[in-house]
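What follows is entry.tsv (TSV, C-alpha atoms and all ligand atoms).
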```
chain	number	residue	atom	x	y	z
K	1	MET	CA	13.21	19.02	-3.51
K	2	MET	CA	10.95	15.95	-3.72
K	3	LYS	CA	7.29	16.29	-4.53
K	4	CYS	CA	4.28	13.99	-4.16
K	5	ILE	CA	2.96	13.09	-7.60
K	6	THR	CA	-0.66	13.25	-6.37
K	7	CYS	CA	-1.09	16.02	-3.79
K	8	GLY	CA	2.05	18.03	-4.55
K	9	GLU	CA	3.34	18.00	-0.96
K	10	GLU	CA	7.03	18.94	-0.95
K	11	TYR	CA	9.91	17.29	0.92
K	12	ASP	CA	13.55	18.17	1.43
K	13	LEU	CA	16.09	16.12	-0.56
K	14	GLY	CA	17.85	15.23	2.70
K	15	GLU	CA	14.79	13.53	4.18
K	16	ILE	CA	14.61	9.71	4.27
K	17	ILE	CA	11.10	9.20	2.96
K	18	TYR	CA	9.69	6.90	0.29
K	19	THR	CA	6.02	7.86	-0.02
K	20	CYS	CA	3.99	10.98	0.77
K	21	SER	CA	3.22	11.20	4.47
K	22	LYS	CA	0.00	13.12	3.65
K	23	CYS	CA	-1.60	10.95	0.94
K	24	GLY	CA	0.60	7.86	0.55
K	25	SER	CA	1.46	8.42	-3.13
K	26	THR	CA	4.92	8.06	-4.62
K	27	LEU	CA	7.38	10.94	-4.72
K	28	GLU	CA	9.51	12.38	-7.48
K	29	VAL	CA	12.60	14.54	-7.45
K	30	ILE	CA	12.18	17.92	-9.09
K	31	CYS	CA	15.26	18.75	-11.11
K	32	ARG	CA	15.49	21.77	-13.43
K	33	PRO	CA	19.09	22.83	-13.92
K	34	ASP	CA	19.59	25.94	-16.03
K	35	VAL	CA	22.16	24.65	-18.50
K	36	SER	CA	22.66	24.48	-22.25
K	37	ARG	CA	23.15	21.14	-23.97
K	38	ASP	CA	26.58	22.26	-25.20
K	39	ILE	CA	27.99	21.42	-21.76
K	40	PHE	CA	27.63	17.70	-22.54
K	41	GLU	CA	30.01	17.88	-25.50
K	42	CYS	CA	33.39	16.15	-25.13
K	43	ARG	CA	32.41	14.47	-21.87
K	44	LYS	CA	33.00	10.78	-21.31
K	45	SER	CA	30.10	8.62	-22.37
K	46	THR	CA	28.69	7.46	-19.03
K	47	MET	CA	25.41	8.48	-17.38
K	48	TRP	CA	27.37	11.08	-15.39
K	49	LYS	CA	27.80	13.01	-18.65
K	50	TYR	CA	24.47	14.54	-17.57
K	51	LYS	CA	25.52	15.13	-13.95
K	52	GLU	CA	23.79	18.51	-13.71
K	53	PHE	CA	20.49	16.59	-13.92
K	54	MET	CA	21.43	14.23	-11.07
K	55	PRO	CA	20.31	15.37	-7.59
K	56	VAL	CA	23.41	14.31	-5.67
K	57	ASN	CA	26.64	15.83	-4.44
K	58	GLU	CA	29.24	15.50	-7.21
K	59	SER	CA	32.10	14.95	-4.78
K	60	LYS	CA	30.50	11.79	-3.36
K	61	ILE	CA	29.54	9.94	-6.56
K	62	VAL	CA	29.82	6.14	-6.36
K	63	SER	CA	30.22	4.95	-9.92
K	64	LEU	CA	31.36	1.96	-11.96
K	65	GLU	CA	31.05	4.04	-15.15
K	66	GLU	CA	27.50	2.90	-15.82
K	67	GLY	CA	25.55	4.16	-18.81
K	68	GLY	CA	26.88	5.09	-22.24
K	69	THR	CA	25.52	1.73	-23.41
K	70	PRO	CA	25.48	0.59	-27.07
K	71	PHE	CA	22.73	1.97	-29.28
K	72	CYS	CA	22.50	-0.57	-32.10
K	73	LYS	CA	20.58	-0.15	-35.31
K	74	CYS	CA	18.77	-3.42	-36.08
K	75	GLN	CA	18.59	-3.27	-39.84
K	76	LYS	CA	17.41	-6.82	-40.45
K	77	ILE	CA	14.51	-6.93	-38.01
K	78	GLY	CA	13.67	-3.31	-38.82
K	79	ASP	CA	13.51	-3.99	-42.58
K	80	LYS	CA	11.34	-7.03	-42.02
K	81	LEU	CA	8.89	-4.94	-39.98
K	82	GLY	CA	9.09	-1.84	-42.19
K	83	ILE	CA	10.35	0.37	-39.35
K	84	ASP	CA	13.56	2.14	-38.33
K	85	LEU	CA	14.62	0.05	-35.33
K	86	TYR	CA	17.28	0.68	-32.69
K	87	VAL	CA	18.05	-1.31	-29.60
K	88	LYS	CA	19.57	0.20	-26.44
K	89	VAL	CA	21.68	-2.57	-24.93
K	90	GLU	CA	21.46	-2.15	-21.16
K	91	GLY	CA	23.09	-5.53	-20.57
K	92	SER	CA	26.37	-3.72	-21.23
K	93	ASN	CA	26.22	-1.95	-17.87
K	94	PRO	CA	28.74	-3.01	-15.17
K	95	THR	CA	26.54	-5.70	-13.58
K	96	GLY	CA	24.67	-6.47	-16.77
K	97	SER	CA	21.42	-4.52	-16.39
K	98	PHE	CA	19.98	-0.99	-16.40
K	99	LYS	CA	19.68	-1.14	-12.62
K	100	ASP	CA	23.26	0.12	-12.31
K	101	ARG	CA	22.18	3.60	-13.38
K	102	GLY	CA	19.67	3.83	-10.55
K	103	MET	CA	22.01	2.21	-8.06
K	104	SER	CA	24.83	4.64	-8.77
K	105	VAL	CA	22.58	7.54	-7.78
K	106	GLY	CA	20.86	5.56	-5.00
K	107	ILE	CA	24.09	4.50	-3.32
K	108	THR	CA	25.57	7.97	-3.73
K	109	LYS	CA	22.50	9.22	-1.87
K	110	ALA	CA	23.06	6.56	0.81
K	111	VAL	CA	26.62	7.87	1.25
K	112	GLU	CA	25.35	11.46	1.48
K	113	LEU	CA	22.80	10.45	4.11
K	114	GLY	CA	25.44	8.51	6.05
K	115	VAL	CA	23.35	5.33	6.37
K	116	ASP	CA	25.28	2.12	7.04
K	117	THR	CA	22.83	-0.54	5.80
K	118	VAL	CA	21.06	-0.69	2.44
K	119	GLY	CA	18.54	-3.22	1.23
K	120	CYS	CA	16.03	-4.23	-1.39
K	121	ALA	CA	13.62	-6.91	-2.54
K	122	SER	CA	14.38	-8.13	-6.01
K	123	THR	CA	13.55	-10.47	-8.85
K	124	GLY	CA	17.35	-10.61	-9.25
K	125	ASN	CA	18.92	-7.71	-11.13
K	126	THR	CA	18.29	-5.06	-8.49
K	127	SER	CA	19.97	-7.28	-5.90
K	128	ALA	CA	22.97	-7.97	-8.16
K	129	SER	CA	23.43	-4.28	-8.80
K	130	LEU	CA	22.86	-3.16	-5.21
K	131	ALA	CA	25.32	-5.80	-3.94
K	132	ALA	CA	28.05	-4.46	-6.25
K	133	TYR	CA	27.48	-0.76	-5.50
K	134	ALA	CA	27.11	-1.38	-1.76
K	135	ALA	CA	30.44	-3.22	-1.84
K	136	ARG	CA	32.04	-0.28	-3.61
K	137	ALA	CA	30.66	2.16	-1.05
K	138	GLY	CA	31.45	-0.09	1.95
K	139	LYS	CA	27.84	-0.49	3.07
K	140	ARG	CA	26.15	-3.49	4.60
K	141	CYS	CA	23.70	-4.92	2.06
K	142	ILE	CA	20.59	-7.04	2.70
K	143	VAL	CA	18.56	-8.44	-0.20
K	144	LEU	CA	15.29	-10.38	-0.19
K	145	LEU	CA	14.67	-12.74	-3.11
K	146	PRO	CA	11.60	-14.81	-3.99
K	147	SER	CA	12.63	-18.39	-3.30
K	148	GLY	CA	13.40	-20.45	-6.42
K	149	LYS	CA	12.44	-17.68	-8.83
K	150	VAL	CA	15.69	-15.83	-9.37
K	151	ALA	CA	17.84	-16.54	-12.44
K	152	LEU	CA	21.18	-18.13	-11.66
K	153	GLY	CA	23.50	-15.37	-12.89
K	154	LYS	CA	21.78	-12.74	-10.75
K	155	LEU	CA	21.88	-14.89	-7.63
K	156	ALA	CA	25.58	-15.57	-8.20
K	157	GLN	CA	26.27	-11.83	-8.45
K	158	ALA	CA	24.34	-10.88	-5.31
K	159	MET	CA	26.07	-13.59	-3.29
K	160	PHE	CA	29.55	-13.03	-4.71
K	161	HIS	CA	29.53	-9.27	-4.11
K	162	GLY	CA	28.89	-10.03	-0.46
K	163	ALA	CA	25.23	-9.17	0.07
K	164	GLU	CA	23.35	-10.94	2.85
K	165	VAL	CA	20.96	-12.88	0.66
K	166	ILE	CA	17.65	-13.91	2.19
K	167	SER	CA	15.29	-16.19	0.33
K	168	ILE	CA	11.67	-15.46	1.11
K	169	LYS	CA	8.85	-18.00	0.87
K	170	GLY	CA	6.70	-15.80	-1.30
K	171	ASN	CA	6.80	-13.73	-4.48
K	172	PHE	CA	8.49	-10.40	-5.23
K	173	ASP	CA	5.48	-8.34	-4.15
K	174	GLU	CA	5.50	-10.00	-0.72
K	175	ALA	CA	9.27	-9.60	-0.42
K	176	LEU	CA	8.97	-5.89	-1.23
K	177	GLU	CA	6.21	-5.36	1.30
K	178	THR	CA	8.31	-7.05	3.99
K	179	VAL	CA	11.52	-5.15	3.33
K	180	THR	CA	9.62	-1.86	3.01
K	181	SER	CA	8.23	-2.35	6.52
K	182	LEU	CA	11.77	-2.90	7.78
K	183	ALA	CA	12.91	0.28	6.01
K	184	LEU	CA	10.05	2.27	7.55
K	185	GLU	CA	11.26	1.09	10.96
K	186	GLY	CA	14.59	2.69	10.05
K	187	GLN	CA	16.53	-0.57	9.96
K	188	LEU	CA	17.85	-0.09	6.43
K	189	TYR	CA	17.85	2.40	3.55
K	190	LEU	CA	15.53	1.01	0.87
K	191	LEU	CA	16.88	1.00	-2.67
K	192	ASN	CA	13.95	-0.37	-4.60
K	193	SER	CA	12.54	1.95	-7.25
K	194	ILE	CA	9.99	3.35	-4.80
K	195	ASN	CA	13.04	5.34	-3.73
K	196	PRO	CA	12.82	8.33	-6.12
K	197	PHE	CA	16.61	8.64	-6.39
K	198	ARG	CA	16.75	5.29	-8.21
K	199	LEU	CA	14.61	6.71	-10.99
K	200	GLU	CA	16.85	9.76	-11.23
K	201	GLY	CA	19.67	7.50	-12.37
K	202	GLN	CA	17.50	5.47	-14.71
K	203	LYS	CA	16.13	8.57	-16.43
K	204	SER	CA	19.56	8.78	-18.08
K	205	ILE	CA	18.41	6.05	-20.51
K	206	GLY	CA	16.02	8.65	-21.90
K	207	PHE	CA	18.82	11.23	-22.03
K	208	GLU	CA	21.09	8.85	-23.93
K	209	VAL	CA	18.47	7.75	-26.46
K	210	VAL	CA	17.82	11.31	-27.62
K	211	ASP	CA	21.53	12.15	-27.50
K	212	ASP	CA	22.31	8.96	-29.51
K	213	LEU	CA	19.81	10.11	-32.16
K	214	GLY	CA	21.45	13.54	-32.49
K	215	TRP	CA	19.16	15.43	-30.08
K	216	LYS	CA	15.98	14.06	-31.49
K	217	SER	CA	13.20	12.01	-29.94
K	218	PRO	CA	12.33	8.68	-31.55
K	219	ASP	CA	8.65	8.17	-32.41
K	220	ARG	CA	8.39	5.43	-29.80
K	221	ILE	CA	10.28	3.80	-26.92
K	222	ILE	CA	9.30	0.22	-26.09
K	223	LEU	CA	10.37	-1.52	-22.89
K	224	PRO	CA	9.44	-4.36	-20.55
K	225	VAL	CA	7.48	-3.34	-17.46
K	226	GLY	CA	7.64	-5.06	-14.09
K	227	ASN	CA	7.66	-2.85	-11.00
K	228	ALA	CA	7.14	0.02	-13.47
K	229	GLY	CA	10.03	2.19	-12.34
K	230	ASN	CA	11.96	2.20	-15.57
K	231	ILE	CA	9.18	3.36	-17.89
K	232	SER	CA	8.44	6.17	-15.41
K	233	ALA	CA	12.13	7.08	-15.22
K	234	ILE	CA	12.72	7.17	-18.99
K	235	TRP	CA	9.63	9.32	-19.47
K	236	LYS	CA	10.91	11.69	-16.77
K	237	GLY	CA	14.25	11.86	-18.57
K	238	VAL	CA	12.90	12.70	-22.01
K	239	SER	CA	10.40	15.13	-20.48
K	240	GLU	CA	13.18	16.98	-18.63
K	241	PHE	CA	15.20	17.33	-21.85
K	242	HIS	CA	12.06	18.48	-23.65
K	243	GLU	CA	11.35	21.09	-20.97
K	244	ALA	CA	14.96	22.24	-21.16
K	245	GLY	CA	14.48	22.79	-24.90
K	246	PHE	CA	17.06	20.14	-25.91
K	247	ILE	CA	14.53	18.21	-28.06
K	248	ASP	CA	11.37	19.28	-29.90
K	249	ASP	CA	9.22	16.16	-29.59
K	250	LEU	CA	8.49	13.34	-27.17
K	251	PRO	CA	8.27	9.57	-27.74
K	252	MET	CA	5.19	7.39	-27.28
K	253	MET	CA	6.00	5.33	-24.18
K	254	THR	CA	5.09	1.73	-24.85
K	255	GLY	CA	5.15	-0.82	-22.01
K	256	ILE	CA	5.20	-4.57	-22.51
K	257	GLN	CA	4.21	-7.06	-19.82
K	258	ALA	CA	4.11	-10.84	-19.66
K	259	GLU	CA	0.58	-12.16	-20.02
K	260	GLY	CA	0.64	-13.74	-16.54
K	261	ALA	CA	1.86	-10.57	-14.82
K	262	ALA	CA	0.13	-7.68	-16.57
K	263	PRO	CA	-1.62	-5.29	-14.16
K	264	ILE	CA	-0.49	-2.20	-16.09
K	265	ALA	CA	-1.46	-3.53	-19.52
K	266	ASN	CA	-4.84	-4.61	-18.11
K	267	ALA	CA	-5.45	-1.11	-16.73
K	268	VAL	CA	-4.46	0.58	-20.01
K	269	ARG	CA	-6.74	-1.73	-21.96
K	270	LYS	CA	-9.65	-0.53	-19.79
K	271	GLY	CA	-8.50	3.10	-19.86
K	272	LYS	CA	-8.15	3.11	-16.05
K	273	ASN	CA	-5.96	5.34	-13.90
K	274	SER	CA	-5.16	2.68	-11.32
K	275	ILE	CA	-4.30	-0.99	-11.40
K	276	GLU	CA	-5.85	-4.11	-9.97
K	277	PRO	CA	-2.96	-6.17	-8.56
K	278	VAL	CA	-2.40	-9.65	-9.99
K	279	ASN	CA	-2.23	-12.01	-7.01
K	280	ASN	CA	-0.18	-14.87	-8.39
K	281	PRO	CA	1.96	-13.42	-11.18
K	282	GLU	CA	3.67	-16.02	-13.35
K	283	THR	CA	6.04	-15.87	-16.32
K	284	ILE	CA	9.28	-17.41	-17.54
K	285	ALA	CA	10.63	-13.85	-17.58
K	286	THR	CA	11.23	-13.92	-13.82
K	287	ALA	CA	12.59	-10.35	-13.81
K	288	ILE	CA	9.09	-9.04	-14.51
K	289	ARG	CA	7.15	-11.58	-12.46
K	290	ILE	CA	5.42	-8.80	-10.51
K	291	GLY	CA	1.73	-8.34	-9.70
K	292	ALA	CA	1.60	-5.08	-7.73
K	293	PRO	CA	4.02	-2.58	-9.31
K	294	VAL	CA	4.87	0.24	-6.91
K	295	SER	CA	5.32	2.81	-9.67
K	296	ALA	CA	2.04	1.94	-11.42
K	297	GLN	CA	0.65	5.46	-11.09
K	298	LYS	CA	3.77	7.04	-12.59
K	299	ALA	CA	3.83	4.46	-15.38
K	300	LEU	CA	0.19	4.98	-16.32
K	301	ARG	CA	0.79	8.72	-16.41
K	302	ALA	CA	3.80	8.18	-18.72
K	303	ILE	CA	1.78	5.99	-21.09
K	304	TYR	CA	-1.30	8.23	-21.20
K	305	ASP	CA	0.58	11.56	-21.35
K	306	SER	CA	2.75	10.32	-24.22
K	307	ASN	CA	-0.10	8.80	-26.26
K	308	GLY	CA	1.57	5.47	-25.70
K	309	ILE	CA	0.18	2.02	-25.21
K	310	ALA	CA	0.71	-1.19	-23.24
K	311	GLU	CA	0.61	-4.74	-24.58
K	312	THR	CA	1.02	-8.27	-23.25
K	313	VAL	CA	3.07	-11.13	-24.67
K	314	THR	CA	3.10	-14.85	-23.92
K	315	ASP	CA	6.13	-16.74	-22.63
K	316	ASP	CA	6.50	-18.41	-26.04
K	317	GLU	CA	6.49	-15.03	-27.77
K	318	ILE	CA	9.16	-13.83	-25.34
K	319	LEU	CA	11.41	-16.83	-25.96
K	320	ASN	CA	10.98	-16.57	-29.75
K	321	ALA	CA	11.86	-12.88	-29.69
K	322	GLN	CA	14.89	-13.58	-27.49
K	323	LYS	CA	16.16	-16.07	-30.08
K	324	LEU	CA	15.33	-13.79	-33.02
K	325	LEU	CA	17.35	-10.92	-31.56
K	326	ALA	CA	20.28	-13.20	-30.70
K	327	ARG	CA	20.36	-14.96	-34.05
K	328	THR	CA	19.62	-12.16	-36.50
K	329	GLU	CA	21.27	-9.19	-34.80
K	330	GLY	CA	23.79	-10.84	-32.45
K	331	ILE	CA	22.33	-9.20	-29.36
K	332	GLY	CA	21.95	-11.53	-26.37
K	333	VAL	CA	19.38	-10.48	-23.79
K	334	GLU	CA	17.55	-12.12	-20.92
K	335	PRO	CA	13.88	-13.15	-21.36
K	336	ALA	CA	12.33	-10.06	-19.72
K	337	SER	CA	14.31	-7.82	-22.05
K	338	ALA	CA	13.08	-9.74	-25.08
K	339	ALA	CA	9.53	-8.82	-24.08
K	340	SER	CA	10.17	-5.43	-25.71
K	341	ILE	CA	10.95	-7.11	-29.05
K	342	ALA	CA	8.07	-9.57	-28.68
K	343	GLY	CA	5.77	-6.63	-27.99
K	344	LEU	CA	7.07	-4.74	-31.01
K	345	LEU	CA	6.36	-7.71	-33.30
K	346	LYS	CA	2.82	-7.91	-31.96
K	347	LEU	CA	2.15	-4.17	-32.22
K	348	VAL	CA	3.38	-4.09	-35.82
K	349	GLU	CA	1.17	-7.06	-36.66
K	350	ASN	CA	-1.85	-5.39	-35.03
K	351	GLY	CA	-1.20	-2.16	-36.90
K	352	GLU	CA	-0.55	-0.23	-33.65
K	353	VAL	CA	2.97	0.65	-34.79
K	354	ASP	CA	2.95	2.43	-38.15
K	355	LYS	CA	5.23	1.58	-41.06
K	356	GLY	CA	8.24	3.88	-41.12
K	357	GLU	CA	8.13	4.65	-37.39
K	358	GLN	CA	11.42	5.18	-35.63
K	359	VAL	CA	11.34	2.80	-32.66
K	360	VAL	CA	13.82	2.29	-29.84
K	361	CYS	CA	13.53	-0.95	-27.85
K	362	ILE	CA	15.23	-0.95	-24.46
K	363	VAL	CA	16.72	-4.38	-23.81
K	364	THR	CA	17.25	-4.30	-20.10
K	365	GLY	CA	19.51	-7.21	-19.10
K	366	HIS	CA	22.24	-9.48	-20.47
K	367	LEU	CA	21.66	-12.98	-21.87
K	368	LEU	CA	24.04	-14.49	-19.28
K	369	LYS	CA	21.82	-13.38	-16.41
K	370	ASP	CA	19.65	-16.41	-17.06
K	371	PRO	CA	21.88	-19.16	-18.49
K	372	ASN	CA	19.40	-21.94	-17.70
K	373	THR	CA	16.66	-20.51	-19.89
K	374	ALA	CA	19.17	-19.98	-22.71
K	375	ILE	CA	20.51	-23.53	-22.50
K	376	ASN	CA	17.02	-25.04	-22.29
K	377	ALA	CA	16.08	-23.24	-25.50
K	378	CYS	CA	18.85	-24.98	-27.47
K	379	THR	CA	19.80	-28.50	-28.47
K	380	LYS	CA	22.73	-30.00	-26.57
K	381	PRO	CA	26.22	-29.85	-28.14
K	382	VAL	CA	27.17	-33.11	-29.90
K	383	GLU	CA	30.13	-34.88	-28.29
K	384	ILE	CA	32.73	-36.43	-30.60
K	385	ASP	CA	36.18	-38.04	-30.46
K	386	ALA	CA	39.09	-35.61	-30.73
K	387	ASN	CA	40.01	-36.20	-34.38
K	388	VAL	CA	39.43	-34.55	-37.76
K	389	LYS	CA	37.57	-37.49	-39.21
K	390	ALA	CA	34.91	-37.38	-36.52
K	391	LEU	CA	34.65	-33.58	-36.80
K	392	SER	CA	34.40	-33.68	-40.57
K	393	LYS	CA	31.73	-36.35	-40.38
K	394	ILE	CA	29.61	-34.33	-37.98
K	395	ILE	CA	29.77	-30.99	-39.80
K	396	ASN	CA	28.98	-32.60	-43.14
K	397	SER	CA	26.13	-34.73	-41.87
H	1	LIG	N1	13.95	-5.97	-17.29
H	1	LIG	C1	14.77	-6.52	-16.39
H	1	LIG	C2	15.92	-7.32	-16.89
H	1	LIG	C3	14.53	-6.33	-15.01
H	1	LIG	O1	15.35	-6.88	-14.13
H	1	LIG	C4	13.40	-5.59	-14.61
H	1	LIG	C5	13.10	-5.39	-13.19
H	1	LIG	C6	12.58	-5.03	-15.60
H	1	LIG	C7	12.89	-5.25	-16.92
H	1	LIG	C8	11.40	-4.21	-15.27
H	1	LIG	O2	11.74	-2.95	-14.83
H	1	LIG	O3	10.63	-2.98	-12.64
H	1	LIG	O4	11.45	-0.86	-13.61
H	1	LIG	O5	9.47	-2.01	-14.58
H	1	LIG	N2	13.68	-5.98	-12.25
H	1	LIG	C9	13.50	-5.69	-10.83
H	1	LIG	C10	14.55	-6.42	-10.01
H	1	LIG	C11	12.14	-5.77	-10.34
H	1	LIG	O6	14.31	-6.68	-8.83
H	1	LIG	O7	15.61	-6.69	-10.52
H	1	LIG	P1	10.78	-2.14	-13.86
```
Please re-express this file's structure in structure tokens.
Ligand code: F0G
Amino acid sequence: MMKCITCGEEYDLGEIIYTCSKCGSTLEVICRPDVSRDIFECRKSTMWKYKEFMPVNESKIVSLEEGGTPFCKCQKIGDKLGIDLYVKVEGSNPTGSFKDRGMSVGITKAVELGVDTVGCASTGNTSASLAAYAARAGKRCIVLLPSGKVALGKLAQAMFHGAEVISIKGNFDEALETVTSLALEGQLYLLNSINPFRLEGQKSIGFEVVDDLGWKSPDRIILPVGNAGNISAIWKGVSEFHEAGFIDDLPMMTGIQAEGAAPIANAVRKGKNSIEPVNNPETIATAIRIGAPVSAQKALRAIYDSNGIAETVTDDEILNAQKLLARTEGIGVEPASAASIAGLLKLVENGEVDKGEQVVCIVTGHLLKDPNTAINACTKPVEIDANVKALSKIINS
């Protein structure tokens, strides 16, 4: 069943509904399978390893083998900060971001429901992922993107997988409002993270982190926050495994936002339970250029219930962290993903993260999603004549 997170009203899993018809709040899927964690042993390392926790019909699963992403210890950055640092590399998913986990469940649900058209608004990655999974399931796919504000790699993916790409003269928040109205008219099945089935897939990041650590919770999970679905999903995942008795402790959920798009961090700073939308969000990390996150209430609950925190970072801090991760640990991520590392650096400096803490940063999307930002951050390659003398001269200069 689905349940309203505010008034508790219950809905059938087969109903096409995105928010509570009584109070307007967001919904969540209630999922409490009675299983032991031994069942996961010897299964292939994809998010479907935890299929008992996924509220869809196993025979209909649409998958590209998402999940099972690398969990890399970052010794050098960790040592420098005096912490035990791991990075969960979500750019290794089939379309290069964590969205694939949510889309696998979301599109499976679309198949179960028998809808023929799916759609979303997106800052880029959601559209790339939806386009691929819709293609795999044979569904018509409509995506709305904020004009001029979507990184090149993501746009290429959405177009190449055959989505009908519509550029909207407005930002993500306006695009989402528009496509949501269309969904409420029944013209398409909405696969933004307001759809609770998306979060069911993404909660598998939480499952994998504790599984990767040998059935143990880290002290803290840090991740970038935009529309606020992912932080809510990961918290749901670790909480479900905690309730099932698979782990003893829970992590402090720590959300990082760009300074120019920080409604959640602003609310946490003031200790508030609701956000004030940011009207003209702006950041180089276009993936998280969002002013009115639809899962704000769930995200605030995750942060407060876990004794977590939220922090903001500047665009310069994001770009520096992106380079640091690429050049000291060999992990290439897009700007939004680097916000988690930038936030970590700041929280260590401010004394919010204690020495010796075990921290997992979720890096959400691949470096190649945004090639322009990467190229602009580097000096141009030097061009030389094709001979050894010229090469020798240049590398010894
Ligand atoms: N990191 C990346 C790379 C993203 O693409 C997004 C969101 C986030 C972080 C933030 O996650 O919204 O769950 O808080 N991208 C969405 C999109 C909005 O349309 O691709 P969130």
Of the residues K:Pro293, K:Gly365, K:Gly356, K:Gly260, which is the one nearest to Glu276 in chain K, using all atoms listed in the file? K:Pro293
Taking only C-alpha atoms and all ligand atoms into account, list the residues no farther than 6 Å from ligand LIG 1 (chain H), as a PyMOL selection string. chain K and resi 122-126+224-230+287-288+336-337+364-365
Between range 278-391 of chain K and range 159-172 of chain K, at 12 Å or less, what are the per-residue closest atom pairs and their distances in Å? Count all atoms listed in the file, order by chain and rising residue number, and return it as a tab-separated table.
```
residue	atom	partner	partner_atom	distance
K:Val278	CA	K:Asn171	CA	11.5
K:Asn279	CA	K:Asn171	CA	9.5
K:Asn280	CA	K:Asn171	CA	8.1
K:Pro281	CA	K:Asn171	CA	8.3
K:Glu282	CA	K:Asn171	CA	9.7
K:Thr286	CA	K:Phe172	CA	9.7
K:Ala287	CA	K:Phe172	CA	9.5
K:Ile288	CA	K:Phe172	CA	9.4
K:Arg289	CA	K:Phe172	CA	7.4
K:Ile290	CA	K:Phe172	CA	6.3
K:Gly291	CA	K:Phe172	CA	8.4
K:Ala292	CA	K:Phe172	CA	9.1
K:Pro293	CA	K:Phe172	CA	9.9
K:Val294	CA	K:Phe172	CA	11.4
```
Residues near range 371-374 of chain K, cut-off 9 Å, all atoms listed in the file, skip fewer than 2 positions along chain, as a PyMOL selection string: chain K and resi 151-153+284+319+323+334-335+367-369+376-378
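Residues lying within 12 Å of Arg327 in chain K, counting all atoms listed in the file and ignoring same-chain neighbours fewer than 5 positions away, are Cys74, Lys76, Ile77, Asn320, Ala321, Gln322, Gly332 and Val333 of chain K.
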Scan for residues within 12 Å of the point (10.0, 2.4, -20.3) in the coordinates of the file, using all atoms listed in the file, and reply as a ChimeraX atom specification. /K:88,98,199,202-206,209,220-238,251-257,295-296,298-303,306,308-310,337,339-340,360-364
Export C-alpha atoms of the chosen residues as a compact mmCIF listing (two decimals), in the coordinates of the input?
```txt
# COMPACT_ATOMS: atom_id res chain seq x y z
CA LYS K 88 19.57 0.20 -26.44
CA PHE K 98 19.98 -0.99 -16.40
CA LEU K 199 14.61 6.71 -10.99
CA GLN K 202 17.50 5.47 -14.71
CA LYS K 203 16.13 8.57 -16.43
CA SER K 204 19.56 8.78 -18.08
CA ILE K 205 18.41 6.05 -20.51
CA GLY K 206 16.02 8.65 -21.90
CA VAL K 209 18.47 7.75 -26.46
CA ARG K 220 8.39 5.43 -29.80
CA ILE K 221 10.28 3.80 -26.92
CA ILE K 222 9.30 0.22 -26.09
CA LEU K 223 10.37 -1.52 -22.89
CA PRO K 224 9.44 -4.36 -20.55
CA VAL K 225 7.48 -3.34 -17.46
CA GLY K 226 7.64 -5.06 -14.09
CA ASN K 227 7.66 -2.85 -11.00
CA ALA K 228 7.14 0.02 -13.47
CA GLY K 229 10.03 2.19 -12.34
CA ASN K 230 11.96 2.20 -15.57
CA ILE K 231 9.18 3.36 -17.89
CA SER K 232 8.44 6.17 -15.41
CA ALA K 233 12.13 7.08 -15.22
CA ILE K 234 12.72 7.17 -18.99
CA TRP K 235 9.63 9.32 -19.47
CA LYS K 236 10.91 11.69 -16.77
CA GLY K 237 14.25 11.86 -18.57
CA VAL K 238 12.90 12.70 -22.01
CA PRO K 251 8.27 9.57 -27.74
CA MET K 252 5.19 7.39 -27.28
CA MET K 253 6.00 5.33 -24.18
CA THR K 254 5.09 1.73 -24.85
CA GLY K 255 5.15 -0.82 -22.01
CA ILE K 256 5.20 -4.57 -22.51
CA GLN K 257 4.21 -7.06 -19.82
CA SER K 295 5.32 2.81 -9.67
CA ALA K 296 2.04 1.94 -11.42
CA LYS K 298 3.77 7.04 -12.59
CA ALA K 299 3.83 4.46 -15.38
CA LEU K 300 0.19 4.98 -16.32
CA ARG K 301 0.79 8.72 -16.41
CA ALA K 302 3.80 8.18 -18.72
CA ILE K 303 1.78 5.99 -21.09
CA SER K 306 2.75 10.32 -24.22
CA GLY K 308 1.57 5.47 -25.70
CA ILE K 309 0.18 2.02 -25.21
CA ALA K 310 0.71 -1.19 -23.24
CA SER K 337 14.31 -7.82 -22.05
CA ALA K 339 9.53 -8.82 -24.08
CA SER K 340 10.17 -5.43 -25.71
CA VAL K 360 13.82 2.29 -29.84
CA CYS K 361 13.53 -0.95 -27.85
CA ILE K 362 15.23 -0.95 -24.46
CA VAL K 363 16.72 -4.38 -23.81
CA THR K 364 17.25 -4.30 -20.10
```
Could you build a table of the residues in range 51-110 of chain K lying no more than 8 Å from range 18-40 of chain K, giving for each the nearest pair of atoms and their separation in Å rounded to one decimal place, using all atoms listed in the file, ordered by chain and ascending residue number, as a Markdown table?
```
| residue | atom | partner | partner_atom | distance |
| --- | --- | --- | --- | --- |
| K:Glu52 | CA | K:Pro33 | CA | 6.4 |
| K:Phe53 | CA | K:Cys31 | CA | 6.3 |
| K:Met54 | CA | K:Cys31 | CA | 7.6 |
| K:Pro55 | CA | K:Cys31 | CA | 7.0 |
```
Based on the selection just made, write C-alpha atoms of those residues as an mmCIF file, in the frame of the given file.
```
data_model
loop_
_atom_site.group_PDB
_atom_site.id
_atom_site.type_symbol
_atom_site.label_atom_id
_atom_site.label_comp_id
_atom_site.auth_asym_id
_atom_site.auth_seq_id
_atom_site.Cartn_x
_atom_site.Cartn_y
_atom_site.Cartn_z
ATOM 1 C CA GLU K 52 23.790 18.510 -13.710
ATOM 2 C CA PHE K 53 20.490 16.590 -13.920
ATOM 3 C CA MET K 54 21.430 14.230 -11.070
ATOM 4 C CA PRO K 55 20.310 15.370 -7.590
#
```
